[in-house]
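One structure is given below, encoded as structure tokens.
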Amino acid sequence: MLLGLACLNVAGLFLARGSARDREISTRLALGASRGRIGRQLLADSVLIALVGGLLGVVFAPLAMRALIAFLPRDAAANALQSAIDTRLLLFAFLVSVAAGVLTGLAPALQAGRRSLISSLRERVGTAFGSLRLRRAIVTAQMAFTLILVIGAALFVRTLTALIAKGPGFDTSSLISFGIDPFRDGCSPSEATRLIRRIHDEIRASRSTQASAIARIQILAGGSWNNFLTIHTGQRITTDREVHLNAVSPEFFATLGTRIVAGRDFDERDTLPVSKGGRPVAIVDEAFVKRYFGGRNPLGSRIAHGSGPDTRPDIEVIGVVANISYRGVREEWEQAYFPIVNAEGGNFYEGGNFYVRVQGTPEAAFQSIRKILRNADPTLPVTYFRTLDEQVSRSLNTERMLAALSGSFGTLALLLSLVGLYGVMSFAVTQRTREIGIRVALGATRFATVWLVLRDALMMITAGIAIALPCIWALGRLVESQLYDVKPTDPATIATATLILCSTALGAALIPARRASAVNPTEALRFE
């Protein structure tokens, strides 16, 4: 759409240029040039400009892509994206440049030579009313495209704002997280289990630690452990979709600051293998209770992994916890938690994701924790080390990119349309200089002259809005899945974007309107 706006703007400029060259073109025709030759000359000019613009775009594209990749986490950017331009993209850019040049030059080329040769030679300047009507149509289309982009930008900005305000469901301040992978260091499962226990005990004993816990799966990182569950509540039912699962240590919810709504948290006995006196238990979140228990008390009910007919629900639900985000801030999904079992076989320790609520600054806690890790094993691989605020920010990278890109595109579109509107109104004022001079000579006021020009601008703006609104309703479904807490047809967003477009567009039209009101009737009539 931004490329379309640029093409429309350039087409309008070429039309104005063609009108300014009306006498020249008429003279060429009078000297024997064919209409086809004149049209080819105008097309060649526009295609040359488009090709040069496309070449500059190809030159600066790697810089732009590197800037966009900088918005992404380093691991995601390294694995998924590259800043090099491949051949297909280069070919696409070349074809688009050629097509843009042909389309922008087509209108003035068709316009060339259509007017009467004798009348063109008699006039000092061309009136080019047909050109003016076409440029007004172009500006109307620009207004429609711009409003669509501005509304899209507003929707994505509101989505980002709503997600930041929502948060992950727990207090992320003074909370840090890091992951270790002893298996990459050659540890056996039992050695990894003992090492993680030792690190956990030392972190809990540190003076900079308020609370500490371990999770099998890192939260807010986009990944998850999913499975169907079988539930027994007097009758046997199976979840209609996969549930997000995690294995956590005792005090995990207290460390995050998540409220236990009913029942209790895991304790050390829950982490023992069944052979050593432990028992299989689980904690579910409020979303799970609402979906599968209809709000009834789930404590004492039993669940099991899987959905097969031979699955035996033997895991007791001992608690209900408030909803928190799992894969990302946007997601609201049913979750079930199980205790990490301290088995010597290390079946649950495929590495550890530590969550530590610290006293003082996170920077001081980082130094203390790094020292503990070095003392435990100097070669221990640390997979990540960051605050939860940073993790939340990373989980919103897609939304932040959409808001930034759509906002940038919307701003550029607004600037392009304002330039187009200003050009058309200036052109119209120039073409109507004689008319305006006569009106002023007959007693027209300054306000009436300004309104004469602004009325034309307001008609183009209104027509553009009328075209854009049905398109917004139709295109809303394409972006609805990317939005959060706002509808594509949100009245407040549409009204705000429309107000921004109208006020800025009328401001751009006011400049030539004021110039029109200052026309000296004597000079205007003498010029004609």
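Labels for the structure tokens follow display order: chains A, B, ..., residues from 1 in each chain, ligands from 1.
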Exercise. When DSSP works through the backbone of this structure, what residues of segment 316-397 of chain A end up as helix (DSSP H, G or I), shown as a ChimeraX atom specification?
Worked result: /A:362-376,388-395,397
Please identify every residue of segment 428-482 of chain A that has at least one atom no farther than 12 Å from an atom of segment 10-28 of chain A, counting only C-alpha atoms, and for each give the shortest atom pair and the distance in Å to one decimal, arranged by chain then increasing number, as a tab-separated table.
residue	atom	partner	partner_atom	distance
A:Ala428	CA	A:Ala16	CA	10.2
A:Thr430	CA	A:Ala20	CA	11.0
A:Gln431	CA	A:Ser19	CA	10.3
Problem set entry | Residue neighbourhood Phe252 of chain A, 7 Å, only C-alpha atoms, exclusion window fewer than 4 positions, as a PyMOL selection string | chain A and resi 213-214+248+256
Would you output that residue set with N, CA, C and O atoms, as a short mmCIF file (atom, residue, chain, number, x, y, z; two decimals), in the first residue's frame?
data_model
loop_
_atom_site.label_atom_id
_atom_site.label_comp_id
_atom_site.auth_asym_id
_atom_site.auth_seq_id
_atom_site.Cartn_x
_atom_site.Cartn_y
_atom_site.Cartn_z
N ALA A 213 13.25 -20.84 42.76
CA ALA A 213 12.55 -22.06 42.33
C ALA A 213 13.08 -22.47 40.97
O ALA A 213 13.79 -21.71 40.30
N ILE A 214 12.72 -23.69 40.57
CA ILE A 214 13.17 -24.26 39.29
C ILE A 214 11.95 -24.70 38.50
O ILE A 214 10.97 -25.20 39.07
N VAL A 248 7.60 -28.10 38.22
CA VAL A 248 8.22 -27.02 38.98
C VAL A 248 8.58 -27.51 40.37
O VAL A 248 8.03 -28.51 40.86
N LEU A 256 7.37 -16.40 41.96
CA LEU A 256 6.79 -15.53 40.95
C LEU A 256 5.83 -14.51 41.55
O LEU A 256 5.57 -13.47 40.94
#
Problem set entry | Selected residue of minimal separation from Arg515 of chain A among A:Arg370, A:Arg264, A:Arg269, A:Arg446, counting only C-alpha atoms |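 Ranked by minimum distance to Arg515 of chain A, first place goes to A:Arg446.
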For this session: Skip Val479 of chain A itself and residues of its chain fewer than 4 positions away, then list as a list of chain:residue names all residues within 8 Å of it, counting only C-alpha atoms.
Result: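 Close residues of Val479 of chain A: A:Leu475, A:Leu483, A:Pro488.
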May I have the residues from that selection written out with all heavy atoms, as an mmCIF file, in the first residue's frame?
data_model
loop_
_atom_site.group_PDB
_atom_site.id
_atom_site.type_symbol
_atom_site.label_atom_id
_atom_site.label_comp_id
_atom_site.auth_asym_id
_atom_site.auth_seq_id
_atom_site.Cartn_x
_atom_site.Cartn_y
_atom_site.Cartn_z
ATOM 1 N N LEU A 475 -10.977 -5.694 5.347
ATOM 2 C CA LEU A 475 -9.606 -6.128 5.617
ATOM 3 C C LEU A 475 -9.358 -6.434 7.097
ATOM 4 O O LEU A 475 -8.315 -6.979 7.441
ATOM 5 C CB LEU A 475 -8.619 -5.042 5.168
ATOM 6 C CG LEU A 475 -8.569 -4.751 3.665
ATOM 7 C CD1 LEU A 475 -7.689 -3.541 3.383
ATOM 8 C CD2 LEU A 475 -8.061 -5.957 2.902
ATOM 9 N N LEU A 483 -4.366 -8.877 16.742
ATOM 10 C CA LEU A 483 -4.790 -7.847 17.688
ATOM 11 C C LEU A 483 -5.087 -8.443 19.053
ATOM 12 O O LEU A 483 -5.312 -9.642 19.194
ATOM 13 C CB LEU A 483 -6.028 -7.116 17.153
ATOM 14 C CG LEU A 483 -5.891 -6.460 15.770
ATOM 15 C CD1 LEU A 483 -7.203 -5.797 15.381
ATOM 16 C CD2 LEU A 483 -4.751 -5.467 15.755
ATOM 17 N N PRO A 488 -10.924 -4.817 15.037
ATOM 18 C CA PRO A 488 -10.472 -4.093 13.833
ATOM 19 C C PRO A 488 -11.352 -2.890 13.494
ATOM 20 O O PRO A 488 -10.879 -1.935 12.889
ATOM 21 C CB PRO A 488 -10.537 -5.155 12.731
ATOM 22 C CG PRO A 488 -10.518 -6.461 13.437
ATOM 23 C CD PRO A 488 -11.191 -6.238 14.750
#
Seminar exercise, completed: For Thr493 of chain A, the closest of A:Ala162, A:Val358, A:Val150, A:Ile511 counting only C-alpha atoms is A:Val150
Exercise. Which residues come within 10 Å of Thr209 of chain A, counting only C-alpha atoms, excluding same-chain residues fewer than 3 positions away, as number ranges by chain?
Worked result: A: 174-175, 202-206, 212, 356-360, 365, 368-369
Okay, now the selection with C-alpha atoms, as a PDB file, in the first residue's frame?
ATOM      1  CA  SER A 174      13.353  -7.923  41.065  1.00  0.00           C
ATOM      2  CA  LEU A 175      12.891 -11.275  39.325  1.00  0.00           C
ATOM      3  CA  GLU A 202      23.399 -22.211  47.453  1.00  0.00           C
ATOM      4  CA  ILE A 203      21.208 -19.683  45.670  1.00  0.00           C
ATOM      5  CA  ARG A 204      18.517 -20.005  48.314  1.00  0.00           C
ATOM      6  CA  ALA A 205      21.158 -19.472  51.027  1.00  0.00           C
ATOM      7  CA  SER A 206      22.519 -16.318  49.341  1.00  0.00           C
ATOM      8  CA  SER A 212      14.128 -19.268  44.380  1.00  0.00           C
ATOM      9  CA  VAL A 356      15.133 -16.033  41.573  1.00  0.00           C
ATOM     10  CA  ARG A 357      13.476 -13.073  43.290  1.00  0.00           C
ATOM     11  CA  VAL A 358      16.310 -10.929  44.548  1.00  0.00           C
ATOM     12  CA  GLN A 359      16.919  -8.209  47.089  1.00  0.00           C
ATOM     13  CA  GLY A 360      18.615  -5.078  45.830  1.00  0.00           C
ATOM     14  CA  ALA A 365      22.404 -10.537  42.153  1.00  0.00           C
ATOM     15  CA  SER A 368      26.479 -13.329  43.155  1.00  0.00           C
ATOM     16  CA  ILE A 369      24.774 -16.040  41.074  1.00  0.00           C
TER      17      ILE A 369
END
Problem set entry | Selected residue of minimal separation from Asp485 of chain A among A:Thr230, A:Asn246, A:Thr161, A:Ser34, counting only C-alpha atoms | A:Thr161
Problem set entry | Residue list (strand (DSSP E or B), DSSP) for segment 6-232 of chain A, as a list in words |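 The strand (DSSP E or B) residues within segment 6-232 of chain A come out as Leu175, Ile176, Ser177, Phe178, Gly179, Ile180, Thr209, Gln210, Ala211, Ser212, Ala213, Ile214, Ala215, Trp225, Asn226, Asn227, Leu229, Thr230, Ile231 and His232 of chain A.
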Save the residues we just selected, all heavy atoms, as a compact mmCIF listing (two decimals), in the first residue's frame?
# COMPACT_ATOMS: atom_id res chain seq x y z
N LEU A 175 12.94 -9.85 39.64
CA LEU A 175 12.89 -11.28 39.33
C LEU A 175 13.82 -11.55 38.15
O LEU A 175 13.72 -10.91 37.11
CB LEU A 175 11.46 -11.68 38.98
CG LEU A 175 11.14 -13.17 38.89
CD1 LEU A 175 11.39 -13.87 40.20
CD2 LEU A 175 9.68 -13.37 38.46
N ILE A 176 14.74 -12.49 38.34
CA ILE A 176 15.68 -12.85 37.28
C ILE A 176 15.55 -14.34 36.97
O ILE A 176 15.02 -15.11 37.78
CB ILE A 176 17.14 -12.51 37.65
CG1 ILE A 176 17.60 -13.34 38.84
CG2 ILE A 176 17.28 -11.01 37.94
CD1 ILE A 176 19.06 -13.12 39.19
N SER A 177 16.03 -14.71 35.81
CA SER A 177 15.93 -16.09 35.37
C SER A 177 17.20 -16.47 34.61
O SER A 177 17.79 -15.63 33.94
CB SER A 177 14.71 -16.28 34.47
OG SER A 177 14.63 -17.60 33.97
N PHE A 178 17.60 -17.72 34.76
CA PHE A 178 18.73 -18.22 33.98
C PHE A 178 18.55 -19.73 33.80
O PHE A 178 17.82 -20.39 34.56
CB PHE A 178 20.08 -17.91 34.65
CG PHE A 178 20.31 -18.60 35.97
CD1 PHE A 178 20.97 -19.82 36.03
CD2 PHE A 178 19.88 -18.02 37.16
CE1 PHE A 178 21.19 -20.46 37.24
CE2 PHE A 178 20.07 -18.66 38.37
CZ PHE A 178 20.74 -19.88 38.42
N GLY A 179 19.19 -20.25 32.79
CA GLY A 179 19.11 -21.68 32.50
C GLY A 179 20.48 -22.31 32.43
O GLY A 179 21.45 -21.69 31.97
N ILE A 180 20.58 -23.54 32.88
CA ILE A 180 21.83 -24.29 32.79
C ILE A 180 21.54 -25.65 32.15
O ILE A 180 20.42 -26.17 32.23
CB ILE A 180 22.49 -24.49 34.18
CG1 ILE A 180 21.55 -25.24 35.13
CG2 ILE A 180 22.89 -23.15 34.78
CD1 ILE A 180 22.19 -25.58 36.47
N THR A 209 19.06 -13.28 47.87
CA THR A 209 17.90 -14.03 47.38
C THR A 209 16.74 -13.93 48.35
O THR A 209 16.89 -14.20 49.54
CB THR A 209 18.26 -15.50 47.16
OG1 THR A 209 19.34 -15.59 46.22
CG2 THR A 209 17.07 -16.29 46.65
N GLN A 210 15.56 -13.54 47.82
CA GLN A 210 14.33 -13.61 48.61
C GLN A 210 13.66 -14.97 48.46
O GLN A 210 13.18 -15.54 49.45
CB GLN A 210 13.35 -12.53 48.14
CG GLN A 210 13.75 -11.11 48.46
CD GLN A 210 12.68 -10.12 48.06
OE1 GLN A 210 11.54 -10.49 47.81
NE2 GLN A 210 13.04 -8.84 47.99
N ALA A 211 13.61 -15.47 47.24
CA ALA A 211 12.99 -16.77 46.98
C ALA A 211 13.57 -17.31 45.69
O ALA A 211 14.04 -16.55 44.83
CB ALA A 211 11.47 -16.64 46.87
N SER A 212 13.55 -18.64 45.57
CA SER A 212 14.13 -19.27 44.38
C SER A 212 13.35 -20.53 44.07
O SER A 212 12.85 -21.22 44.98
CB SER A 212 15.61 -19.59 44.61
OG SER A 212 16.14 -20.31 43.52
N ALA A 213 13.25 -20.84 42.76
CA ALA A 213 12.55 -22.06 42.33
C ALA A 213 13.08 -22.47 40.97
O ALA A 213 13.79 -21.71 40.30
CB ALA A 213 11.04 -21.82 42.27
N ILE A 214 12.72 -23.69 40.57
CA ILE A 214 13.17 -24.26 39.29
C ILE A 214 11.95 -24.70 38.50
O ILE A 214 10.97 -25.20 39.07
CB ILE A 214 14.11 -25.46 39.51
CG1 ILE A 214 15.23 -25.09 40.48
CG2 ILE A 214 14.69 -25.94 38.19
CD1 ILE A 214 16.08 -26.29 40.88
N ALA A 215 12.02 -24.53 37.19
CA ALA A 215 10.98 -25.03 36.28
C ALA A 215 11.64 -25.85 35.20
O ALA A 215 12.75 -25.56 34.76
CB ALA A 215 10.18 -23.88 35.68
N TRP A 225 5.43 -27.45 26.91
CA TRP A 225 5.25 -28.90 27.01
C TRP A 225 3.74 -29.12 27.05
O TRP A 225 3.05 -28.68 27.96
CB TRP A 225 5.95 -29.40 28.27
CG TRP A 225 5.58 -30.78 28.73
CD1 TRP A 225 5.11 -31.80 27.98
CD2 TRP A 225 5.63 -31.28 30.07
NE1 TRP A 225 4.88 -32.91 28.75
CE2 TRP A 225 5.19 -32.62 30.04
CE3 TRP A 225 6.02 -30.72 31.29
CZ2 TRP A 225 5.13 -33.41 31.19
CZ3 TRP A 225 5.96 -31.51 32.43
CH2 TRP A 225 5.51 -32.85 32.37
N ASN A 226 3.20 -29.78 26.02
CA ASN A 226 1.75 -29.92 25.86
C ASN A 226 1.34 -31.39 25.85
O ASN A 226 2.10 -32.25 25.40
CB ASN A 226 1.28 -29.28 24.55
CG ASN A 226 1.62 -27.81 24.47
OD1 ASN A 226 1.53 -27.11 25.46
ND2 ASN A 226 2.03 -27.36 23.29
N ASN A 227 0.13 -31.63 26.32
CA ASN A 227 -0.42 -32.98 26.25
C ASN A 227 -1.91 -32.92 26.56
O ASN A 227 -2.39 -31.99 27.23
CB ASN A 227 0.28 -33.91 27.24
CG ASN A 227 0.11 -35.38 26.86
OD1 ASN A 227 -0.56 -35.71 25.88
ND2 ASN A 227 0.70 -36.27 27.63
N LEU A 229 -5.08 -34.38 28.61
CA LEU A 229 -5.22 -34.93 29.95
C LEU A 229 -6.58 -35.63 30.07
O LEU A 229 -7.56 -35.22 29.45
CB LEU A 229 -5.13 -33.84 31.02
CG LEU A 229 -3.81 -33.09 31.15
CD1 LEU A 229 -3.90 -32.08 32.29
CD2 LEU A 229 -2.65 -34.04 31.37
N THR A 230 -6.59 -36.70 30.86
CA THR A 230 -7.84 -37.39 31.22
C THR A 230 -8.21 -36.96 32.63
O THR A 230 -7.37 -36.96 33.53
CB THR A 230 -7.66 -38.91 31.14
OG1 THR A 230 -7.34 -39.28 29.79
CG2 THR A 230 -8.95 -39.61 31.55
N ILE A 231 -9.47 -36.60 32.82
CA ILE A 231 -9.94 -36.07 34.11
C ILE A 231 -11.04 -36.98 34.63
O ILE A 231 -11.94 -37.39 33.89
CB ILE A 231 -10.47 -34.63 33.95
CG1 ILE A 231 -9.43 -33.75 33.26
CG2 ILE A 231 -10.88 -34.06 35.30
CD1 ILE A 231 -9.96 -32.38 32.88
N HIS A 232 -10.98 -37.28 35.94
CA HIS A 232 -12.03 -38.09 36.58
C HIS A 232 -12.67 -37.25 37.68
O HIS A 232 -12.04 -36.93 38.68
CB HIS A 232 -11.46 -39.37 37.16
CG HIS A 232 -12.52 -40.31 37.66
ND1 HIS A 232 -13.03 -40.26 38.92
CD2 HIS A 232 -13.20 -41.31 37.01
CE1 HIS A 232 -13.95 -41.19 39.07
NE2 HIS A 232 -14.08 -41.84 37.92
